[in-house]
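Undergrad: Attaching a single structure in structure tokens format; questions to follow.
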Amino acid sequence: MLKQALAATLLLAAPGIARADTIVLAGGCFWGMEATFEHVKGVTNVVSGYAGGSAADANYDAVSSERTGHAEAIRVTYDPKQVSLGELLGVYFIVAHDPTQLNRQTPDEGPSYRSAVFPQSARQRQFVDAYLKTLNARAPFSGRIVTRIESGTFFPAEAYHQDFMRKNPRHPYILRWDVPKLAKLKATYPALYRGR
């Protein structure tokens, strides 16, 4: 039922655009978010970082204090001719994180782990707003969706956070929390899944 409800929201899909587009998504630890979207066909680049706070304290130590206003986030660059914004949001809501968890994702707690979308244009904001309204009307999740639409600048994270899963495939956190996301992506969206 959940996948059918999200598939229905694809009817809202924005028309194809010839150039690359970007969107910033927050949904818990950026390691698994980044790895998930790196395996989506049509995604050309994913960068881990921080969104929603200032440049002065956009670093892991400060953000981890939970006092900076940032969210751990990813900036996804994609080709709209290969993957739609609606499809990316489907992956975000079904696979990459749990949109019903407020200021947390599984073992990680605090507002830096919140569920939030940072649209990069007025067109995107309108689309994401309509998408969320459609999801809320269909109530496909067992809990209430807490995902917020926010504004804010994206700041890339430190180099050691980039491509973390690829560089650290045996890390215990990756094995416990993030490898299952790739299996879920492949099972839920086989046409979108891109192996590495």
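Residue numbering restarts at 1 in every chain; chains get A, B, ... in the order shown in the structure tokens, and ligands count up from 1 in that same order.
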If we count only C-alpha atoms, what is near Asp129 in chain A at a cut-off of 12 Å, once residues fewer than 5 positions away on the same chain are taken out, given as a list in words?
TA: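 Within the cut-off, the hits are Thr9, Leu12, Gly86, Leu89, Ala116, Val117, Phe118, Pro119, Ala122, Arg123, Gln124, Thr134, Leu135, Asn136, Thr147, Arg148, Ile149 and Glu150 of chain A.
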Undergrad: Output N, CA and C atoms for every residue in that selection, as a compact mmCIF listing (two decimals), in the first residue's frame.
TA:
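Heads up, here's the output in result.txt:
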# COMPACT_ATOMS: atom_id res chain seq x y z
N THR A 9 1.66 9.60 -6.14
CA THR A 9 2.17 10.97 -6.06
C THR A 9 3.06 11.31 -7.23
N LEU A 12 2.22 13.86 -9.76
CA LEU A 12 2.57 15.26 -9.54
C LEU A 12 3.90 15.61 -10.19
N GLY A 86 9.90 13.21 -8.08
CA GLY A 86 8.94 12.34 -7.41
C GLY A 86 9.54 10.98 -7.07
N LEU A 89 11.96 11.41 -4.18
CA LEU A 89 11.24 11.55 -2.92
C LEU A 89 10.68 10.21 -2.46
N ALA A 116 13.95 16.41 7.06
CA ALA A 116 13.67 17.71 6.46
C ALA A 116 14.12 17.73 5.01
N VAL A 117 13.36 18.45 4.21
CA VAL A 117 13.72 18.68 2.81
C VAL A 117 14.04 20.16 2.66
N PHE A 118 15.14 20.45 1.98
CA PHE A 118 15.58 21.82 1.73
C PHE A 118 15.48 22.06 0.22
N PRO A 119 14.32 22.49 -0.27
CA PRO A 119 14.18 22.73 -1.71
C PRO A 119 15.16 23.80 -2.18
N ALA A 122 11.85 27.64 -5.96
CA ALA A 122 10.42 27.80 -5.65
C ALA A 122 9.62 26.66 -6.27
N ARG A 123 10.01 26.23 -7.46
CA ARG A 123 9.32 25.12 -8.13
C ARG A 123 9.45 23.85 -7.29
N GLN A 124 10.65 23.58 -6.80
CA GLN A 124 10.84 22.40 -5.96
C GLN A 124 10.04 22.49 -4.67
N THR A 134 -0.07 15.12 -0.33
CA THR A 134 -0.62 13.88 -0.87
C THR A 134 -0.34 12.70 0.05
N LEU A 135 0.90 12.62 0.54
CA LEU A 135 1.24 11.54 1.47
C LEU A 135 0.39 11.61 2.73
N ASN A 136 0.27 12.79 3.29
CA ASN A 136 -0.52 12.94 4.52
C ASN A 136 -1.98 12.59 4.29
N THR A 147 8.27 15.08 8.61
CA THR A 147 9.19 15.75 7.69
C THR A 147 8.80 17.21 7.52
N ARG A 148 9.81 18.09 7.62
CA ARG A 148 9.56 19.53 7.46
C ARG A 148 10.18 20.02 6.15
N ILE A 149 9.60 21.07 5.61
CA ILE A 149 10.21 21.77 4.48
C ILE A 149 10.91 22.98 5.08
N GLU A 150 12.22 23.07 4.85
CA GLU A 150 13.01 24.13 5.46
C GLU A 150 13.81 24.89 4.41
Undergrad: Tell me which protein, DNA and RNA residues are within 10 Å of range 54-71 of chain A, counting only C-alpha atoms, leaving out same-chain ones fewer than 3 positions away, and put them as a PyMOL selection string.
TA: chain A and resi 25-30+49-51+74+103+109-116+152-158+161
Undergrad: May I have the residues within 9 Å of Leu88 in chain A as a list in words, using only C-alpha atoms and disregarding those fewer than 4 positions away in the same chain?
TA: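 So the residues in contact are Phe37, Val40, Val83, Ser84, Tyr92 and Phe93 of chain A.
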Undergrad: Which of these, A:Asn168, A:Thr22, A:Gln82, A:Val146, has the shortest distance to Ala191 in chain A once you count only C-alpha atoms?
TA: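 Of A:Asn168, A:Thr22, A:Gln82, A:Val146, the one nearest Ala191 in chain A, counting only C-alpha atoms, is A:Gln82.
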Undergrad: Looking only at the backbone, which of the residues in range 19-145 of chain A does DSSP tag as alpha helix (DSSP H), as a PyMOL selection string?
TA: chain A and resi 30-38+60-63+85-91+122-138
Undergrad: Go ahead and dump the residues you just picked, C-alpha atoms, as a PDB file, in the first residue's frame.
TA:
ATOM      1  CA  PHE A  30      24.325  11.218   6.191  1.00  0.00           C
ATOM      2  CA  TRP A  31      26.466   8.089   5.631  1.00  0.00           C
ATOM      3  CA  GLY A  32      23.504   5.863   4.766  1.00  0.00           C
ATOM      4  CA  MET A  33      21.575   8.597   3.009  1.00  0.00           C
ATOM      5  CA  GLU A  34      24.558   9.269   0.762  1.00  0.00           C
ATOM      6  CA  ALA A  35      25.135   5.579  -0.010  1.00  0.00           C
ATOM      7  CA  THR A  36      21.472   5.007  -0.813  1.00  0.00           C
ATOM      8  CA  PHE A  37      21.245   7.840  -3.316  1.00  0.00           C
ATOM      9  CA  GLU A  38      24.591   6.966  -4.896  1.00  0.00           C
ATOM     10  CA  TYR A  60      30.882  17.706  12.766  1.00  0.00           C
ATOM     11  CA  ASP A  61      31.957  18.558  16.318  1.00  0.00           C
ATOM     12  CA  ALA A  62      29.755  21.662  16.491  1.00  0.00           C
ATOM     13  CA  VAL A  63      26.747  20.067  14.781  1.00  0.00           C
ATOM     14  CA  LEU A  85      11.984  14.439  -8.303  1.00  0.00           C
ATOM     15  CA  GLY A  86       8.942  12.339  -7.406  1.00  0.00           C
ATOM     16  CA  GLU A  87      10.967   9.136  -7.727  1.00  0.00           C
ATOM     17  CA  LEU A  88      13.761  10.593  -5.588  1.00  0.00           C
ATOM     18  CA  LEU A  89      11.241  11.548  -2.916  1.00  0.00           C
ATOM     19  CA  GLY A  90       9.844   8.020  -3.058  1.00  0.00           C
ATOM     20  CA  VAL A  91      13.318   6.634  -2.309  1.00  0.00           C
ATOM     21  CA  ALA A 122      10.423  27.801  -5.652  1.00  0.00           C
ATOM     22  CA  ARG A 123       9.320  25.118  -8.132  1.00  0.00           C
ATOM     23  CA  GLN A 124      10.845  22.396  -5.955  1.00  0.00           C
ATOM     24  CA  ARG A 125       9.296  23.825  -2.794  1.00  0.00           C
ATOM     25  CA  GLN A 126       5.856  23.796  -4.419  1.00  0.00           C
ATOM     26  CA  PHE A 127       6.366  20.230  -5.620  1.00  0.00           C
ATOM     27  CA  VAL A 128       7.609  18.936  -2.239  1.00  0.00           C
ATOM     28  CA  ASP A 129       4.730  20.677  -0.458  1.00  0.00           C
ATOM     29  CA  ALA A 130       2.195  19.017  -2.778  1.00  0.00           C
ATOM     30  CA  TYR A 131       3.963  15.671  -2.380  1.00  0.00           C
ATOM     31  CA  LEU A 132       3.798  15.873   1.422  1.00  0.00           C
ATOM     32  CA  LYS A 133       0.132  16.880   1.329  1.00  0.00           C
ATOM     33  CA  THR A 134      -0.624  13.881  -0.872  1.00  0.00           C
ATOM     34  CA  LEU A 135       1.242  11.538   1.471  1.00  0.00           C
ATOM     35  CA  ASN A 136      -0.515  12.940   4.516  1.00  0.00           C
ATOM     36  CA  ALA A 137      -3.912  12.584   2.839  1.00  0.00           C
ATOM     37  CA  ARG A 138      -3.222   8.937   1.999  1.00  0.00           C
TER      38      ARG A 138
END
Undergrad: Just give me the gap between CA of Leu182 in chain A and CA of Lys81 in chain A in Å, one decimal is fine.
TA: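 For CA of Leu182 in chain A relative to CA of Lys81 in chain A, the distance reads 23.0 Å.
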Undergrad: Hey, what does DSSP flag as strand (DSSP E) within chain A? Can you give it to me as number ranges by chain?
TA: A: 21-27, 43-51, 71-78, 104-105, 108-109, 115-118, 148-149, 154-156
Undergrad: Can you spit out the residues from that selection as a compact mmCIF listing (two decimals), in the first residue's frame, using C-alpha atoms?
TA:
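Written output follows (part13.txt):
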# COMPACT_ATOMS: atom_id res chain seq x y z
CA ASP A 21 19.06 19.62 -10.79
CA THR A 22 19.81 19.37 -7.07
CA ILE A 23 17.85 18.83 -3.88
CA VAL A 24 19.01 18.73 -0.26
CA LEU A 25 17.57 16.00 1.96
CA ALA A 26 18.02 15.38 5.69
CA GLY A 27 17.06 12.10 7.28
CA VAL A 43 21.84 10.54 -9.66
CA THR A 44 25.16 12.02 -10.76
CA ASN A 45 26.60 13.22 -7.45
CA VAL A 46 25.87 13.01 -3.73
CA VAL A 47 27.65 15.11 -1.11
CA SER A 48 27.28 14.71 2.66
CA GLY A 49 27.02 17.91 4.66
CA TYR A 50 25.07 20.17 6.96
CA ALA A 51 22.00 22.30 6.20
CA ALA A 71 20.73 18.88 10.09
CA GLU A 72 23.01 16.20 8.74
CA ALA A 73 21.99 16.26 5.09
CA ILE A 74 22.95 15.26 1.58
CA ARG A 75 22.96 17.32 -1.61
CA VAL A 76 21.73 15.15 -4.47
CA THR A 77 22.52 16.17 -8.04
CA TYR A 78 20.44 14.31 -10.61
CA ARG A 104 16.00 10.99 15.47
CA GLN A 105 16.71 8.07 13.19
CA ASP A 108 20.83 8.61 16.55
CA GLU A 109 18.95 11.27 18.51
CA SER A 115 13.63 14.64 8.71
CA ALA A 116 13.67 17.71 6.46
CA VAL A 117 13.72 18.68 2.81
CA PHE A 118 15.58 21.82 1.73
CA ARG A 148 9.56 19.53 7.46
CA ILE A 149 10.21 21.77 4.48
CA PHE A 154 24.11 23.50 2.44
CA PHE A 155 27.70 23.15 3.63
CA PRO A 156 29.76 20.09 2.61
Undergrad: Applying 9 Å and only C-alpha atoms, which residues near Thr188 in chain A remain after dropping the ones on its own chain fewer than 4 positions away? List them as an MDAnalysis selection string.
TA: chainID A and resid 3 91 94:95 183:184 193
Undergrad: Using only C-alpha atoms for the distances, tell me which of A:Ala159, A:Gln120, A:Pro107, A:His39 is nearest to Lys181 in chain A.
TA: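 Between A:Ala159, A:Gln120, A:Pro107, A:His39, the residue approaching Lys181 in chain A most closely is A:His39.
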Undergrad: Which one of A:Pro172, A:Pro99, A:Pro190, A:Pro180 sits closest to Ile145 in chain A if you count only C-alpha atoms?
TA: A:Pro99
Undergrad: Between A:Tyr189, A:Ser121, A:Thr106, A:Arg194, which has the minimum distance to Tyr173 in chain A (counting only C-alpha atoms)?
TA: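 Closest candidate: A:Thr106.
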Undergrad: So what do you get for CA of Leu185 in chain A versus CA of Gly143 in chain A, distance-wise?
TA: 21.2 Å
